[in-house]
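For reference, the structure discussed in these notes is given below.
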Amino acid sequence: MRAFLRPLQSFTTRVAQRGFVTAVDAEASTSAAAVTPAAELSVPGKWTPFTQRTGVIARKRGMTALWDKDGRRWPVTVLQLDSLQVIRHSPPPENNTLHSLQLGSSDRPEKTTSRPLLGHFRRAKTAPKYRLQEFQVTADAVLPVGTEIGAGHFVPGQYVDVTATSIGKGFQGVMKRHGFRGLKATHGVSLTHRSAGSTGQHQDPGRVLPGKKMAGHMGVVKRTTQNLLVHRIDLALNLVYVRGAVPGADEAFVAVRDAKKRVAHRAQAGLVRGKDEAEWLGQGVTSLPTPAGTKARAQAEGWPEVVEWAGKQ
């Protein structure tokens, strides 16, 4: 048992020396954090590998291309944060340590908003929104109600996960829906070249097994694309340019979060291995805006309007 305790003790000591909170300490401070006002928790602090920042709701505006400093062309998807504000803050329940932030995106007219929702937005002192979504955050990433989040929430060079509803394709066959090869083009095959082939067995089991890949409706499902690089941000227009394709049609709402694998897991692994803080995230990124990259903070600190990834360091 001592062989297991020694590495754990050295890791706990290393975490304490860096000024981070471990799971044991976080559980002890849960009750105090639950009653602390959100405004007091949202003081700009230092990002840690255990910080879980809020995600954002963005509008997919389309795709274009950008060139890096080496002249390579990269396809990017343009995401816009349209009037993104915090609508509600819910403290963590007794069996959890994570707070919940409800965000609203894209202002909508009051005449098209139901009365219950109008009362909900009036309590938050914000304009009615088209889309609402909740994100779980740690105590050091809580934001006060009414805070407006801008494109500065993300840093060029970091990775993000994007979640959205995929484009509907209607009823499709097995070749398009599941990537089947299909049957032969000649040699006895007539009018069934794109058929699925056999879908069952003989008398035993005498039925088509559940989950069999067959023709059917394709698309309109929730999909997440992981580890997309943030190539550029535009604070003036609230645009975030991410490399690669994003699920969903143009003008659709998408959810953008810090990448679970290449941000949180990578930083925690770097901490365990004793790496320097500047090497936790990689790609020249040393930290992330904490608790968030708000528009007020960007204006107060004089952040540049356009920031582009400088390439691998």
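Residues are named by chain letter and number: chains run A, B, ... in the order of the structure tokens, numbers start at 1 in each chain, and ligands are numbered from 1 in the order shown.
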
Q) Just asking: which residues within segment 37-285 of chain A are strand (DSSP E) according to DSSP, as a PyMOL selection string? A) chain A and resi 56-67+73-80+85-90+99-107+129-137+159-165+170-172+216-218+222-234+239-243+253-258

Would you list the contacts of Leu79 of chain A as a PDB file with all heavy atoms, in the first residue's frame, taking every protein, DNA or RNA residue within 8 Å and counting only C-alpha atoms, but skipping same-chain residues closer than 3 positions in sequence?
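The resulting part.pdb:
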```
ATOM      1  N   ALA A  58     -22.847  29.689 -30.048  1.00  0.00           N
ATOM      2  CA  ALA A  58     -22.416  30.459 -31.215  1.00  0.00           C
ATOM      3  C   ALA A  58     -23.324  30.151 -32.399  1.00  0.00           C
ATOM      4  O   ALA A  58     -24.032  29.141 -32.421  1.00  0.00           O
ATOM      5  CB  ALA A  58     -20.960  30.150 -31.556  1.00  0.00           C
ATOM      6  N   ARG A  59     -23.284  31.038 -33.384  1.00  0.00           N
ATOM      7  CA  ARG A  59     -24.003  30.832 -34.646  1.00  0.00           C
ATOM      8  C   ARG A  59     -22.986  30.465 -35.717  1.00  0.00           C
ATOM      9  O   ARG A  59     -21.967  31.151 -35.889  1.00  0.00           O
ATOM     10  CB  ARG A  59     -24.742  32.104 -35.064  1.00  0.00           C
ATOM     11  CG  ARG A  59     -25.793  32.591 -34.078  1.00  0.00           C
ATOM     12  CD  ARG A  59     -27.004  31.692 -34.020  1.00  0.00           C
ATOM     13  NE  ARG A  59     -27.750  31.664 -35.264  1.00  0.00           N
ATOM     14  CZ  ARG A  59     -28.746  32.505 -35.565  1.00  0.00           C
ATOM     15  NH1 ARG A  59     -29.086  33.460 -34.691  1.00  0.00           N
ATOM     16  NH2 ARG A  59     -29.413  32.390 -36.688  1.00  0.00           N
ATOM     17  N   LYS A  60     -23.280  29.389 -36.433  1.00  0.00           N
ATOM     18  CA  LYS A  60     -22.410  28.984 -37.526  1.00  0.00           C
ATOM     19  C   LYS A  60     -22.714  29.843 -38.739  1.00  0.00           C
ATOM     20  O   LYS A  60     -23.804  29.769 -39.309  1.00  0.00           O
ATOM     21  CB  LYS A  60     -22.622  27.499 -37.845  1.00  0.00           C
ATOM     22  CG  LYS A  60     -21.780  26.988 -38.995  1.00  0.00           C
ATOM     23  CD  LYS A  60     -22.056  25.520 -39.255  1.00  0.00           C
ATOM     24  CE  LYS A  60     -21.287  25.025 -40.466  1.00  0.00           C
ATOM     25  NZ  LYS A  60     -21.548  23.590 -40.762  1.00  0.00           N
ATOM     26  N   ARG A  61     -21.747  30.663 -39.148  1.00  0.00           N
ATOM     27  CA  ARG A  61     -21.953  31.587 -40.256  1.00  0.00           C
ATOM     28  C   ARG A  61     -21.489  31.054 -41.597  1.00  0.00           C
ATOM     29  O   ARG A  61     -21.799  31.636 -42.632  1.00  0.00           O
ATOM     30  CB  ARG A  61     -21.236  32.911 -39.962  1.00  0.00           C
ATOM     31  CG  ARG A  61     -21.750  33.637 -38.722  1.00  0.00           C
ATOM     32  CD  ARG A  61     -23.234  33.917 -38.807  1.00  0.00           C
ATOM     33  NE  ARG A  61     -23.708  34.771 -37.712  1.00  0.00           N
ATOM     34  CZ  ARG A  61     -24.968  35.044 -37.476  1.00  0.00           C
ATOM     35  NH1 ARG A  61     -25.907  34.532 -38.242  1.00  0.00           N
ATOM     36  NH2 ARG A  61     -25.313  35.810 -36.452  1.00  0.00           N
ATOM     37  N   GLY A  62     -20.721  29.983 -41.616  1.00  0.00           N
ATOM     38  CA  GLY A  62     -20.247  29.436 -42.881  1.00  0.00           C
ATOM     39  C   GLY A  62     -18.771  29.083 -42.803  1.00  0.00           C
ATOM     40  O   GLY A  62     -18.175  29.064 -41.726  1.00  0.00           O
ATOM     41  N   LEU A 239     -16.181  37.076 -33.652  1.00  0.00           N
ATOM     42  CA  LEU A 239     -16.032  35.904 -34.514  1.00  0.00           C
ATOM     43  C   LEU A 239     -14.920  35.007 -33.988  1.00  0.00           C
ATOM     44  O   LEU A 239     -13.881  35.491 -33.526  1.00  0.00           O
ATOM     45  CB  LEU A 239     -15.712  36.318 -35.952  1.00  0.00           C
ATOM     46  CG  LEU A 239     -16.746  37.192 -36.664  1.00  0.00           C
ATOM     47  CD1 LEU A 239     -16.262  37.533 -38.068  1.00  0.00           C
ATOM     48  CD2 LEU A 239     -18.095  36.504 -36.718  1.00  0.00           C
ATOM     49  N   VAL A 240     -15.154  33.704 -34.079  1.00  0.00           N
ATOM     50  CA  VAL A 240     -14.153  32.704 -33.732  1.00  0.00           C
ATOM     51  C   VAL A 240     -13.969  31.814 -34.956  1.00  0.00           C
ATOM     52  O   VAL A 240     -14.930  31.213 -35.450  1.00  0.00           O
ATOM     53  CB  VAL A 240     -14.577  31.857 -32.518  1.00  0.00           C
ATOM     54  CG1 VAL A 240     -13.519  30.810 -32.199  1.00  0.00           C
ATOM     55  CG2 VAL A 240     -14.825  32.751 -31.306  1.00  0.00           C
ATOM     56  N   TYR A 241     -12.735  31.734 -35.472  1.00  0.00           N
ATOM     57  CA  TYR A 241     -12.421  30.923 -36.643  1.00  0.00           C
ATOM     58  C   TYR A 241     -11.784  29.619 -36.148  1.00  0.00           C
ATOM     59  O   TYR A 241     -10.703  29.645 -35.548  1.00  0.00           O
ATOM     60  CB  TYR A 241     -11.454  31.643 -37.582  1.00  0.00           C
ATOM     61  CG  TYR A 241     -11.973  32.946 -38.150  1.00  0.00           C
ATOM     62  CD1 TYR A 241     -11.958  34.115 -37.396  1.00  0.00           C
ATOM     63  CD2 TYR A 241     -12.470  33.014 -39.451  1.00  0.00           C
ATOM     64  CE1 TYR A 241     -12.426  35.320 -37.917  1.00  0.00           C
ATOM     65  CE2 TYR A 241     -12.933  34.209 -39.985  1.00  0.00           C
ATOM     66  CZ  TYR A 241     -12.904  35.355 -39.205  1.00  0.00           C
ATOM     67  OH  TYR A 241     -13.372  36.543 -39.732  1.00  0.00           O
ATOM     68  N   VAL A 242     -12.439  28.494 -36.384  1.00  0.00           N
ATOM     69  CA  VAL A 242     -11.916  27.196 -35.981  1.00  0.00           C
ATOM     70  C   VAL A 242     -11.601  26.386 -37.223  1.00  0.00           C
ATOM     71  O   VAL A 242     -12.311  26.447 -38.224  1.00  0.00           O
ATOM     72  CB  VAL A 242     -12.908  26.437 -35.078  1.00  0.00           C
ATOM     73  CG1 VAL A 242     -13.155  27.190 -33.794  1.00  0.00           C
ATOM     74  CG2 VAL A 242     -14.229  26.189 -35.792  1.00  0.00           C
TER      75      VAL A 242
END
```

Query raised in the report: With only C-alpha atoms as the atoms that count, which of A:Leu209, A:Val285, A:Ala255, A:Leu235 lies nearest to Gly302 of chain A?
Result: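 Of the candidates, the smallest distance to Gly302 of chain A is held by A:Leu235.
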
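Atom pair atom CA of Glu277 of chain A / atom CA of Val263 of chain A: separated by 12.7 Å.
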
Those in segment 96-252 of chain A with helix (DSSP H, G or I) from DSSP, as number ranges by chain
A: 110-112, 115-124, 139-141, 151-153, 174-178

Include C-alpha atoms and write out the residues we just selected as a PDB file, in the first residue's frame.
```pdb
ATOM      1  CA  GLU A 110     -40.688  40.569 -27.081  1.00  0.00           C
ATOM      2  CA  LYS A 111     -43.825  40.010 -29.191  1.00  0.00           C
ATOM      3  CA  THR A 112     -42.533  36.594 -30.267  1.00  0.00           C
ATOM      4  CA  ARG A 115     -44.948  35.490 -21.121  1.00  0.00           C
ATOM      5  CA  PRO A 116     -43.207  32.934 -18.860  1.00  0.00           C
ATOM      6  CA  LEU A 117     -39.957  33.474 -20.758  1.00  0.00           C
ATOM      7  CA  LEU A 118     -40.403  37.257 -20.647  1.00  0.00           C
ATOM      8  CA  GLY A 119     -40.569  37.068 -16.860  1.00  0.00           C
ATOM      9  CA  HIS A 120     -37.487  34.836 -16.846  1.00  0.00           C
ATOM     10  CA  PHE A 121     -35.471  37.366 -18.873  1.00  0.00           C
ATOM     11  CA  ARG A 122     -36.778  40.338 -16.887  1.00  0.00           C
ATOM     12  CA  ARG A 123     -35.481  38.802 -13.686  1.00  0.00           C
ATOM     13  CA  ALA A 124     -32.079  38.553 -15.333  1.00  0.00           C
ATOM     14  CA  ALA A 139     -16.422  27.631  -8.515  1.00  0.00           C
ATOM     15  CA  ASP A 140     -13.524  29.667  -9.969  1.00  0.00           C
ATOM     16  CA  ALA A 141     -15.353  30.071 -13.311  1.00  0.00           C
ATOM     17  CA  ALA A 151     -14.865  36.007 -28.711  1.00  0.00           C
ATOM     18  CA  GLY A 152     -11.946  36.653 -26.339  1.00  0.00           C
ATOM     19  CA  HIS A 153     -13.201  33.705 -24.295  1.00  0.00           C
ATOM     20  CA  VAL A 174     -26.818   1.714 -46.656  1.00  0.00           C
ATOM     21  CA  MET A 175     -24.022   2.915 -48.950  1.00  0.00           C
ATOM     22  CA  LYS A 176     -24.497   6.559 -48.027  1.00  0.00           C
ATOM     23  CA  ARG A 177     -25.736   6.039 -44.484  1.00  0.00           C
ATOM     24  CA  HIS A 178     -23.258   3.392 -43.299  1.00  0.00           C
TER      25      HIS A 178
END
```

- Message: Neighbouring residues of Val254 of chain A were defined as those with any atom within 12 Å, considering only C-alpha atoms; residues of the same chain fewer than 6 positions away were excluded. Please report them as a PyMOL selection string.
- Response: chain A and resi 55-61+77-82+105+131-133+161-166+222-225+246-248

Go ahead and compute the interatomic distance for atom CA of Asp234 of chain A and atom CA of Gln136 of chain A, in Å to one decimal.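 Interatomic distance, atom CA of Asp234 of chain A to atom CA of Gln136 of chain A: 25.7 Å.
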
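If you measure from each of A:Gly150, A:Leu228, A:Trp280, A:Arg53 to Glu305 of chain A using only C-alpha atoms, the closest one turns out to be A:Gly150.
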
If you count only C-alpha atoms, the residue of A:Gln203, A:Leu281, A:Met218, A:Arg194 closest to Lys261 of chain A turns out to be A:Leu281

Surrounding residues of Gln268 of chain A excluding itself and chain neighbours under 3 positions, 8 Å, only C-alpha atoms, as a VMD selection string = chain A and resid 49 to 50 264 to 265 271 to 272 280

Export of prior selection with C-alpha atoms as a PDB file, in the first residue's frame:
```pdb
ATOM      1  CA  PRO A  49      -5.874  22.255 -15.110  1.00  0.00           C
ATOM      2  CA  PHE A  50      -8.854  21.614 -12.824  1.00  0.00           C
ATOM      3  CA  ALA A 264      -8.244  19.525 -19.619  1.00  0.00           C
ATOM      4  CA  HIS A 265      -6.741  16.031 -19.868  1.00  0.00           C
ATOM      5  CA  LEU A 271       0.908  18.705 -14.102  1.00  0.00           C
ATOM      6  CA  VAL A 272       1.302  15.107 -12.953  1.00  0.00           C
ATOM      7  CA  TRP A 280       0.584  22.290 -20.319  1.00  0.00           C
TER       8      TRP A 280
END
```

- Message: as a list in words, please: the residues near Leu84 of chain A (cut-off 7 Å, only C-alpha atoms, same-chain neighbours under 3 positions excluded).
- Response: Leu81, Leu103, Gly104, Ser105, Ser106, Glu148 and Ile149 of chain A

Check: Looking at A:Gly311, A:Gly197, A:Pro128, A:Gly168, which one is nearest to Arg181 of chain A, with distances taken over only C-alpha atoms?
Finding: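 Nearest candidate to Arg181 of chain A out of A:Gly311, A:Gly197, A:Pro128, A:Gly168: A:Gly197.
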